[in-house]
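To be precise, the following lines are protein-v4.csv, and they hold CSV, C-alpha atoms.
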```csv
chain,number,residue,atom,x,y,z
A,23,MET,CA,0.0,0.0,0.0
A,24,ILE,CA,1.4,3.4,-1.1
A,25,VAL,CA,-0.2,6.5,0.4
A,26,ILE,CA,0.0,9.8,-1.6
A,27,THR,CA,-0.6,13.1,0.1
A,28,ALA,CA,-1.5,16.2,-1.9
A,29,PRO,CA,-2.5,14.1,-4.9
A,30,THR,CA,-4.1,17.0,-6.7
A,31,GLY,CA,-1.2,19.4,-6.1
A,32,ASN,CA,1.6,20.5,-8.5
A,33,ILE,CA,3.6,17.3,-8.0
A,34,GLY,CA,0.9,14.9,-6.9
A,35,ARG,CA,-1.2,15.3,-10.1
A,36,HIS,CA,1.9,14.1,-12.1
A,37,LEU,CA,2.8,11.4,-9.5
A,38,LEU,CA,-0.6,9.7,-9.3
A,39,PRO,CA,-1.0,8.8,-13.0
A,40,ARG,CA,2.6,7.4,-12.9
A,41,LEU,CA,1.7,5.2,-10.0
A,42,LEU,CA,-1.6,4.1,-11.5
A,43,GLU,CA,0.2,3.0,-14.5
A,44,SER,CA,2.9,1.0,-12.7
A,45,ALA,CA,1.7,0.1,-9.2
A,46,PRO,CA,-0.8,-2.7,-10.1
A,47,ALA,CA,1.8,-4.7,-12.0
A,48,ALA,CA,4.0,-4.4,-8.9
A,49,GLY,CA,1.2,-5.7,-6.7
A,50,GLU,CA,0.8,-2.2,-5.0
A,51,GLU,CA,-2.5,-0.6,-3.9
A,52,LEU,CA,-2.8,3.1,-3.8
A,53,ARG,CA,-4.5,5.3,-1.2
A,54,VAL,CA,-4.8,9.1,-1.4
A,55,VAL,CA,-5.4,11.8,1.2
A,56,VAL,CA,-7.4,14.6,-0.2
A,57,ARG,CA,-9.6,17.4,1.3
A,58,ASP,CA,-12.0,17.4,-1.7
A,59,PRO,CA,-12.3,14.1,-3.5
A,60,ALA,CA,-14.2,15.9,-6.3
A,61,ARG,CA,-10.9,17.4,-7.4
A,62,LEU,CA,-9.7,13.9,-8.3
A,63,PRO,CA,-10.3,13.0,-12.0
A,64,ASP,CA,-13.3,10.6,-12.4
A,65,ALA,CA,-11.1,7.9,-13.8
A,66,VAL,CA,-8.8,8.1,-10.8
A,67,ARG,CA,-11.4,7.9,-8.1
A,68,GLY,CA,-12.5,4.4,-9.0
A,69,ARG,CA,-8.9,3.1,-8.9
A,70,VAL,CA,-7.6,4.4,-5.5
A,71,GLU,CA,-8.8,4.3,-2.0
A,72,VAL,CA,-9.7,7.8,-0.8
A,73,VAL,CA,-9.2,9.2,2.7
A,74,THR,CA,-11.0,12.5,2.9
A,75,GLY,CA,-9.5,15.3,5.0
A,76,SER,CA,-6.3,17.2,5.7
A,77,HIS,CA,-3.0,15.4,6.1
A,78,ALA,CA,-2.3,17.8,9.0
A,79,ASP,CA,-5.1,16.0,11.0
A,80,ALA,CA,-4.0,13.2,13.3
A,81,ALA,CA,-7.2,11.3,12.9
A,82,VAL,CA,-7.1,11.5,9.1
A,83,LEU,CA,-3.5,10.3,9.2
A,84,ASP,CA,-4.3,7.4,11.5
A,85,ARG,CA,-6.8,6.1,8.9
A,86,ALA,CA,-4.5,6.9,6.0
A,87,PHE,CA,-1.4,5.2,7.3
A,88,ALA,CA,-3.0,2.0,8.6
A,89,GLY,CA,-1.5,-0.8,6.7
A,90,ALA,CA,0.7,1.5,4.6
A,91,ASP,CA,4.1,0.4,3.4
A,92,ALA,CA,5.2,3.7,1.9
A,93,VAL,CA,4.1,7.3,2.0
A,94,PHE,CA,4.6,10.3,-0.3
A,95,TRP,CA,4.8,13.3,2.0
A,96,LEU,CA,4.4,16.9,0.9
A,97,VAL,CA,3.8,19.9,3.2
A,98,PRO,CA,1.8,22.6,1.5
A,99,PRO,CA,3.3,26.0,2.5
A,100,ASP,CA,1.0,28.0,4.8
A,101,ALA,CA,1.6,31.7,4.1
A,102,SER,CA,-0.5,32.7,7.1
A,103,ARG,CA,2.0,31.3,9.6
A,104,PRO,CA,5.7,31.4,10.3
A,105,PRO,CA,7.2,28.6,8.1
A,106,ARG,CA,9.0,26.6,10.8
A,107,ASP,CA,5.9,26.5,12.9
A,108,GLY,CA,3.6,25.8,9.9
A,109,TRP,CA,5.7,23.1,8.3
A,110,SER,CA,7.0,21.4,11.4
A,111,GLY,CA,3.6,21.7,13.1
A,112,PHE,CA,1.9,20.3,10.0
A,113,THR,CA,4.3,17.3,10.0
A,114,ARG,CA,4.2,16.4,13.8
A,115,PRO,CA,1.0,14.4,13.6
A,116,ALA,CA,2.6,12.3,10.8
A,117,LEU,CA,5.5,11.4,13.0
A,118,LYS,CA,3.2,9.6,15.5
A,119,ALA,CA,1.2,7.9,12.7
A,120,LEU,CA,4.3,6.7,10.9
A,121,THR,CA,5.6,5.1,14.1
A,122,ALA,CA,2.2,3.8,15.3
A,123,HIS,CA,1.5,2.0,12.0
A,124,GLY,CA,5.1,0.8,11.3
A,125,VAL,CA,5.3,2.5,7.9
A,126,GLY,CA,8.6,1.4,6.3
A,127,HIS,CA,9.4,4.1,3.7
A,128,VAL,CA,8.7,7.8,3.2
A,129,VAL,CA,9.5,10.0,0.2
A,130,GLY,CA,9.3,13.7,0.9
A,131,VAL,CA,9.6,16.9,-1.1
A,132,SER,CA,12.4,19.1,0.1
A,133,ALA,CA,15.1,21.4,-1.2
A,134,LEU,CA,18.8,21.7,-2.0
A,135,GLY,CA,21.2,23.3,0.4
A,136,ARG,CA,21.8,20.8,3.2
A,137,GLY,CA,25.4,20.9,4.4
A,138,THR,CA,26.0,24.4,2.9
A,139,PRO,CA,27.0,27.4,5.0
A,140,LEU,CA,23.6,29.0,3.9
A,141,ALA,CA,21.4,26.1,5.1
A,142,ASP,CA,20.6,27.6,8.4
A,143,ARG,CA,19.6,31.1,7.0
A,144,ALA,CA,17.7,30.2,3.9
A,145,GLY,CA,14.1,30.8,5.1
A,146,LEU,CA,11.7,28.4,3.6
A,147,VAL,CA,14.5,26.0,2.7
A,148,THR,CA,15.7,25.9,6.3
A,149,ALA,CA,12.1,25.1,7.4
A,150,SER,CA,11.9,22.3,4.8
A,151,LEU,CA,15.2,20.8,5.9
A,152,ALA,CA,13.9,20.8,9.5
A,153,VAL,CA,10.9,18.7,8.4
A,154,ASP,CA,13.3,16.2,6.8
A,155,ASP,CA,15.1,15.9,10.1
A,156,LEU,CA,11.8,15.3,12.0
A,157,ILE,CA,10.8,12.5,9.6
A,158,ALA,CA,14.2,10.9,9.6
A,159,GLY,CA,14.2,11.0,13.4
A,160,THR,CA,11.4,8.5,13.5
A,161,GLY,CA,13.7,5.7,12.2
A,162,VAL,CA,11.6,5.3,9.0
A,163,ALA,CA,13.6,4.8,5.8
A,164,TYR,CA,13.4,8.3,4.3
A,165,ARG,CA,14.4,10.0,1.1
A,166,ALA,CA,14.1,13.7,0.7
A,167,LEU,CA,13.8,14.8,-2.9
A,168,ALA,CA,16.2,17.8,-2.9
A,169,ASN,CA,14.9,20.2,-5.5
A,170,PRO,CA,15.9,23.6,-6.9
A,171,SER,CA,13.3,26.1,-8.0
A,172,PHE,CA,10.6,24.8,-10.3
A,173,PHE,CA,9.9,25.8,-13.9
A,174,GLU,CA,6.3,26.0,-12.9
A,175,ASN,CA,7.0,29.0,-10.7
A,176,LEU,CA,6.9,31.0,-13.9
A,177,LEU,CA,3.2,30.2,-14.4
A,178,GLU,CA,2.6,32.8,-11.7
A,179,GLU,CA,4.2,35.3,-14.1
A,180,CYS,CA,2.2,34.3,-17.2
A,181,ASP,CA,-0.2,37.3,-17.1
A,182,SER,CA,2.8,39.6,-17.0
A,183,ILE,CA,4.6,37.7,-19.8
A,184,ARG,CA,1.5,37.8,-21.9
A,185,GLU,CA,0.6,41.5,-21.4
A,186,LYS,CA,4.1,43.1,-20.9
A,187,GLY,CA,6.6,40.6,-22.1
A,188,VAL,CA,8.2,40.7,-18.6
A,189,PHE,CA,9.0,38.3,-15.8
A,190,THR,CA,10.6,39.1,-12.4
A,191,ASP,CA,12.7,37.5,-9.8
A,192,THR,CA,15.4,38.6,-7.4
A,193,LEU,CA,18.4,36.6,-8.9
A,194,ASP,CA,21.2,38.4,-10.6
A,195,ALA,CA,20.4,38.3,-14.3
A,196,GLY,CA,23.5,36.3,-15.2
A,197,ARG,CA,23.4,33.8,-12.3
A,198,LYS,CA,23.0,30.3,-13.6
A,199,VAL,CA,21.2,27.9,-11.2
A,200,PRO,CA,19.6,24.5,-11.5
A,201,LEU,CA,15.8,24.5,-12.3
A,202,VAL,CA,13.5,21.5,-12.6
A,203,ALA,CA,10.1,20.5,-14.0
A,204,VAL,CA,7.7,19.1,-11.4
A,205,ALA,CA,7.0,16.1,-13.7
A,206,ASP,CA,10.6,15.1,-13.2
A,207,ILE,CA,10.2,15.3,-9.5
A,208,ALA,CA,7.1,13.1,-9.8
A,209,ASP,CA,9.1,10.5,-11.8
A,210,ALA,CA,11.8,10.4,-9.1
A,211,ALA,CA,9.2,10.0,-6.4
A,212,ALA,CA,7.5,7.2,-8.3
A,213,ARG,CA,10.8,5.2,-8.7
A,214,LEU,CA,11.5,5.4,-5.0
A,215,LEU,CA,8.0,4.5,-3.9
A,216,LEU,CA,7.9,1.5,-6.2
A,217,ASP,CA,11.4,0.1,-5.6
A,218,ARG,CA,11.8,0.2,-1.8
A,219,SER,CA,15.1,-1.6,-1.6
A,220,TRP,CA,16.7,1.5,-0.1
A,221,THR,CA,17.3,1.9,3.7
A,222,GLY,CA,18.3,4.6,6.1
A,223,ASN,CA,17.8,8.3,5.3
A,224,GLY,CA,19.3,10.6,2.7
A,225,SER,CA,18.7,13.1,-0.1
A,226,VAL,CA,17.9,12.5,-3.8
A,227,PRO,CA,18.8,15.6,-5.8
A,228,VAL,CA,16.6,16.3,-8.9
A,229,LEU,CA,18.5,19.0,-10.8
A,230,GLY,CA,17.1,19.3,-14.2
A,231,PRO,CA,19.3,19.0,-17.3
A,232,GLN,CA,21.3,22.2,-17.1
A,233,ASP,CA,21.8,25.4,-15.1
A,234,LEU,CA,20.0,28.5,-16.4
A,235,SER,CA,20.2,32.2,-15.6
A,236,PRO,CA,17.2,34.6,-15.8
A,237,ASP,CA,18.7,35.9,-19.0
A,238,ASP,CA,18.8,32.4,-20.4
A,239,LEU,CA,15.1,31.9,-19.4
A,240,ALA,CA,14.2,35.1,-21.2
A,241,ARG,CA,16.0,34.0,-24.4
A,242,VAL,CA,14.3,30.6,-24.4
A,243,MET,CA,10.9,32.0,-23.7
A,244,THR,CA,11.4,34.5,-26.5
A,245,GLU,CA,12.2,31.7,-28.9
A,246,GLN,CA,9.4,29.4,-27.7
A,247,LEU,CA,6.6,32.0,-27.4
A,248,GLY,CA,7.5,33.9,-30.6
A,249,ARG,CA,7.4,37.2,-28.8
A,250,PRO,CA,10.0,39.2,-26.9
A,251,VAL,CA,10.4,38.4,-23.2
A,252,ARG,CA,12.7,40.2,-20.9
A,253,TYR,CA,13.8,39.8,-17.2
A,254,VAL,CA,13.4,42.6,-14.7
A,255,ARG,CA,15.2,42.1,-11.4
A,256,GLN,CA,13.2,43.0,-8.3
A,257,SER,CA,14.9,44.0,-5.0
A,258,LEU,CA,14.5,41.9,-1.9
A,259,ASP,CA,13.0,44.8,-0.1
A,260,GLY,CA,10.5,45.2,-2.9
A,261,LEU,CA,9.6,41.6,-2.8
A,262,TYR,CA,9.1,41.7,1.0
A,263,GLY,CA,6.8,44.7,0.6
A,264,ASP,CA,4.8,43.0,-2.1
A,265,LEU,CA,4.3,39.8,-0.1
A,266,VAL,CA,3.2,41.6,3.1
A,267,GLY,CA,0.9,43.8,0.9
A,268,TYR,CA,-0.7,40.6,-0.4
A,269,GLY,CA,-1.5,39.6,3.2
A,270,LEU,CA,1.2,37.0,3.9
A,271,ASP,CA,2.4,36.5,7.4
A,272,GLU,CA,5.4,38.8,8.0
A,273,GLU,CA,7.7,36.0,9.1
A,274,PHE,CA,6.6,33.9,6.1
A,275,ALA,CA,7.4,36.8,3.8
A,276,ARG,CA,10.8,37.2,5.4
A,277,ALA,CA,11.4,33.5,5.0
A,278,VAL,CA,10.7,33.8,1.2
A,279,VAL,CA,13.1,36.8,1.0
A,280,ASP,CA,15.8,34.8,3.0
A,281,MET,CA,15.4,31.9,0.6
A,282,LYS,CA,15.7,34.1,-2.4
A,283,ARG,CA,18.8,35.8,-1.0
A,284,ALA,CA,20.4,32.4,-0.2
A,285,LYS,CA,19.7,31.2,-3.7
A,286,ASP,CA,21.4,34.3,-5.2
A,287,GLU,CA,24.4,33.5,-2.9
A,288,GLY,CA,24.7,30.0,-4.2
A,289,LEU,CA,22.5,27.8,-2.0
A,290,ASP,CA,21.6,25.5,-4.9
A,291,ALA,CA,25.1,25.1,-6.2
A,292,GLY,CA,26.4,22.5,-3.7
A,293,VAL,CA,25.4,19.3,-5.7
A,294,ALA,CA,27.1,18.3,-8.9
A,295,ARG,CA,25.0,17.3,-11.9
A,296,THR,CA,25.6,13.7,-12.8
A,297,ALA,CA,23.7,11.0,-14.6
A,298,ALA,CA,22.1,10.2,-11.2
A,299,THR,CA,21.1,13.8,-10.2
A,300,ALA,CA,20.1,15.2,-13.6
A,301,SER,CA,16.5,15.0,-14.9
A,302,PRO,CA,15.5,15.1,-18.5
A,303,THR,CA,12.9,17.8,-19.1
A,304,THR,CA,14.5,20.8,-20.8
A,305,PHE,CA,13.2,24.4,-20.3
A,306,ALA,CA,12.5,24.7,-24.0
A,307,HIS,CA,10.4,21.6,-23.9
A,308,TRP,CA,8.5,22.8,-20.8
A,309,CYS,CA,7.9,26.2,-22.4
A,310,ALA,CA,6.4,24.5,-25.5
A,311,GLU,CA,4.3,22.1,-23.6
A,312,VAL,CA,3.2,24.1,-20.5
A,313,LEU,CA,4.1,27.8,-20.6
A,314,ARG,CA,3.1,28.5,-24.2
A,315,PRO,CA,-0.5,27.2,-23.9
A,316,ALA,CA,-0.9,29.1,-20.6
A,317,VAL,CA,0.4,32.4,-22.1
A,318,LEU,CA,-1.7,32.1,-25.2
A,319,SER,CA,-4.9,31.4,-23.2
A,320,PRO,CA,-7.1,34.3,-22.1
A,321,SER,CA,-6.2,33.8,-18.5
A,322,CYS,CA,-3.6,31.8,-16.6
A,323,SER,CA,-6.1,30.8,-13.9
```
Any chance you could give the structure as structure tokens?
Amino acid sequence: MIVITAPTGNIGRHLLPRLLESAPAAGEELRVVVRDPARLPDAVRGRVEVVTGSHADAAVLDRAFAGADAVFWLVPPDASRPPRDGWSGFTRPALKALTAHGVGHVVGVSALGRGTPLADRAGLVTASLAVDDLIAGTGVAYRALANPSFFENLLEECDSIREKGVFTDTLDAGRKVPLVAVADIADAAARLLLDRSWTGNGSVPVLGPQDLSPDDLARVMTEQLGRPVRYVRQSLDGLYGDLVGYGLDEEFARAVVDMKRAKDEGLDAGVARTAATASPTTFAHWCAEVLRPAVLSPSCS
């Protein structure tokens, strides 16, 4: 039995079809934890066991983890609370349920940066690494998918790209960093969940095929969208002001800024790209398959 949390989220909606395709042949059953089962595709609902509720709820997790062999664990960021409280607090009920039900393996979504001098001052990343430590501390076999920023973050910019030909971030325009498609993260998670020969705890970096700078992204988007796209760098103070203005918790907003600062200082540069850490989806392919349809649609929502 494999349990998938956040099955309708950015990663989960890619992971679930992959497991549905491969799990039956491997003798695996699937169970999902979802607040609103109506958000699951009709074809999916009949093929998985559904536990309705939040995976922050101890009673829900007690039902979901009973008889489970493996769990895909994802903490949705809560912008209304300080991140360490929100993410660690969200995970604590899972620690008891994992132990109580003897779950053998957990795959979690995390971040790059562990072991670097920036790890303890990287905001959201620091909070994510703390969650990894909590889960690993239960004694369960644990693998943290150590990810850089996602291509999909650019979907938040698609109105600006469509209307102004502009996207923003806080990175230096020439700084090359790893970036990844969420579909590749889902592939890595599926492999680990289906082949549970691994033991102990550790990280599995998913780095994408190449490092790219904001200027590189602008060039590729211009080519793939057939219209000029340029990068405008935002200040960290400006980002903080915008986030607080949108109503985010002030500590959460500061944690976003601290993460952005750490990434610009090299937080994601500590892992070498090898055949084991690279993933296949190129930014050009992602633009053609995902960003272009979104930009060309009347609205990104």
Selection near region 158-165 of chain A, 10 Å with all atoms listed in the file, sequence-local residues under 2 positions removed, as number ranges by chain: A: 92-94, 116-118, 120-121, 124-132, 152-156, 167-168, 211, 214-215, 218-227
Using only C-alpha atoms, which protein or nucleic acid residues come within 12 Å of Pro320 (chain A)? Drop anything in the same chain fewer than 2 positions from it, and give the result as a compact mmCIF listing (two decimals) with C-alpha atoms, keeping the file's coordinate frame.
```
# COMPACT_ATOMS: atom_id res chain seq x y z
CA CYS A 180 2.20 34.30 -17.20
CA ASP A 181 -0.20 37.30 -17.10
CA ARG A 184 1.50 37.80 -21.90
CA GLU A 185 0.60 41.50 -21.40
CA ARG A 314 3.10 28.50 -24.20
CA PRO A 315 -0.50 27.20 -23.90
CA ALA A 316 -0.90 29.10 -20.60
CA VAL A 317 0.40 32.40 -22.10
CA LEU A 318 -1.70 32.10 -25.20
CA CYS A 322 -3.60 31.80 -16.60
CA SER A 323 -6.10 30.80 -13.90
```
Residue nearest Pro139 (chain A) among A:Asp290, A:Glu174, A:Asp238, A:Asp209 (counting all atoms listed in the file): A:Asp290
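We find CA of Ala88 (chain A) and CA of Ser150 (chain A) to be spaced 25.5 Å apart.
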Shortest interatomic distance to Asp79 (chain A) - which of A:Gly267, A:Pro59, A:Gly111, A:Gly292, counting only C-alpha atoms: A:Gly111
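One finds CA of Arg213 (chain A) at 22.3 Å from CA of Leu62 (chain A).
For the pair CA of Val254 (chain A) and CA of Lys198 (chain A), the separation is 15.6 Å.
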